[in-house]
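> First, the structure itself, so that you have it in front of you.
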Amino acid sequence: MTVLTIRQIKQQIGQLTNGDTSSQIPSFWLTDWLLHVIDKPKLFLMTDDDYQLTDSELAQFNAGVVKMQQGIPLAYLIGQQEFWSLNFNVNEYTLIPRPDTEVLVEQVLNWINTQPVLRNHKRLLDLGTGSGCIAISLAHELKHADWQVVAVDLSLDALKVAQHNAVSNDVAHVEFIQSSWYQALPTGDEQRFDVIVSNPPYIDEADEHLAGLTAEPISALSAPNHGLADIEHIVVQATTYLCAGGLLAIEHGFDQGAAVRQLFLDSGFESVHTVQDYGGNERVTLGCVPNSNVYHRF
Ligand code: GLN
């Protein structure tokens with residue numbers, strides 16, 4: 001039986017990530033996968049070059065490398081992804097949280113923190129919650145501030161993952177509802193939300209990037225009408241579910257900023273603006289329901 005040390009595996013990783021193929025695996029996926037298999041902290045790779053992998057560790061490591069070569073992302077192999085410094089379980093029913101989505105969380109928190117006085121029992125809705133990363137990160141930040149957080153998804157399988165993540169991140173009070181966007185939510189003045197947030201599917205069905213995202217649920221990634229169909233539905237219906245002065249914040253594609261701002265304006269939103277992601281692309285559009293609107297809460 002071949003015996004391999006950390007030193008030799010590191011050389012293998014170097015070879016695997018040195019080629020010039022377009023289907024290359026990021027080198028941190030391989031080192032993180034190795035650490036996961038041998039269940040050791042990061043430092044171990046620098047201090048313990050002579051550690052010999054057991055037969056089963058080596059077999060597990062190699063099997064994972066084959067899966068990554070077949071297009072399975074590291075997060076699905078490990079079953080976890082970090083987001084907003086919290087840990088989230090993920091599986092094939094949920095999108096893997098992207099760092100850029102933290103911009104959405106950050107913008108919503110900024111808005112909440114600059115509101116003069118919001119009423120008691122504030123309500124926040126996350127549409128298409130997936131792993132729950134947005135709703136749970138926000139609930140975590142707003143834990144001591146009397147917010148009710150509601151998160152919906154069409155997929156019961158995704159909701160199971162999100163529910164688990166709420167408990168593991170100590171925000172068990174988030175309410176999860178199976179719903180196609182707003183469909184299962186009650187209407188009525190008492191049911192209105194102060195904030196609606198969403199990272200809906202927005203990739204154009206004809207976009208070549210989809211070819212590289214085969215492991216993730218297509219229903220969470222792509223939408224008709226150049227990727228804008230679900231965003232349009234969410235924006236158009238939002239005023240039925242938001243309070244006067246309430247915030248709508250939506251993640252979208254790098255080239256959809258102008259179209260999404262127009263949808264917000266057409267639905268009567270004010271203070272409509274778009275914020276860039278960490279790569280300098282337009283990524284999150286925000287707007288508020290006018291305060292003068294007839295929608296008042298008492
Ligand atoms: N921004 C993600 C990507 O390009 C997609 C997320 C989404 O569709 N909501 O991979």
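All residue names refer to the structure tokens as shown: chains lettered A, B, ... in order, residues numbered from 1 in each chain, ligands numbered from 1 in order.
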Among stretch 102-217 of chain A, which residues carry a DSSP assignment of strand (DSSP E), reported as a PyMOL selection string?
chain A and resi 122-127+147-153+175-178+193-198+203-204
> Would you mind listing the residues within 10 Å of ligand 1, counting only C-alpha atoms and all ligand atoms, as number ranges by chain?
A: 95-101, 128, 130, 198-204, 209-210, 212-213, 216-223, 227, 250-254, 283
> Find the residues around stretch 56-59 of chain A up to 9 Å (only C-alpha atoms counted), leave out those fewer than 2 positions away in its own chain, and share them as a list of chain:residue names.
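Near neighbours after the sequence-gap exclusion: A:Val3, A:Leu4, A:Leu34, A:Val37, A:Ile38, A:Leu53, A:Thr54, A:Phe61, A:Asn62, A:Ala63, A:Gly64.
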> Rank A:Trp29, A:Cys243, A:Glu205, A:Leu228 by their smallest atom-to-atom distance to A:Gly257, using only C-alpha atoms, and report the top residue only.
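Distance minimum relative to A:Gly257 lands on A:Leu228.
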> Per residue of stretch 218-283 of chain A within 9 Å of stretch 190-197 of chain A, note the shortest atom pair and the distance in Å to one decimal, counting only C-alpha atoms, and order the rows by chain and increasing residue number, as a tab-separated table.

residue	atom	partner	partner_atom	distance
A:Ala238	CA	A:Ile196	CA	7.7
A:Thr240	CA	A:Arg192	CA	7.8
A:Tyr241	CA	A:Arg192	CA	4.9
A:Leu242	CA	A:Phe193	CA	4.7
A:Cys243	CA	A:Arg192	CA	5.5
A:Ala244	CA	A:Asp194	CA	8.1
A:Gly245	CA	A:Asp194	CA	7.6
A:Gly246	CA	A:Asp194	CA	4.6
A:Leu247	CA	A:Val195	CA	4.7
A:Leu248	CA	A:Ile196	CA	4.9
A:Ala249	CA	A:Val197	CA	4.8
A:Ile250	CA	A:Val197	CA	5.8
A:Glu251	CA	A:Val197	CA	8.4
> Quick one, how far is atom CA of A:Glu82 from atom CA of A:Asp48?
25.7 Å
> Residues of stretch 35-188 of chain A in alpha helix (DSSP H) according to DSSP, as a ChimeraX atom specification?
/A:35-38,44-47,55-69,74-78,101-114,133-141,156-168
> Taking into account only C-alpha atoms, which residue in the set A:Gln15, A:Gln178, A:Ser168, A:Ser27 is nearest to A:His140?
A:Ser168
> Just how far from atom CA of A:Gln12 is atom CA of A:Val90, in Å to one decimal?
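Interatomic distance here is 27.9 Å.
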> Rank A:Leu77, A:Leu286, A:Ile136, A:Val152 by their smallest atom-to-atom distance to A:Gln183, using only C-alpha atoms, and report the top residue only.
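Closest to A:Gln183 of all the choices is A:Val152.
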> So the first atom is atom CA of A:Asp146 and the second is atom CA of A:Thr94; what is the distance between them in Å, to one decimal place?
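Going from atom CA of A:Asp146 over to atom CA of A:Thr94, I get 28.2 Å.
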> Pick from A:Glu141, A:Asp157, A:Asp39, A:Glu270: nearest to A:Trp84, with only C-alpha atoms counted?
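Ranking A:Glu141, A:Asp157, A:Asp39, A:Glu270 by distance to A:Trp84, first place goes to A:Glu141.
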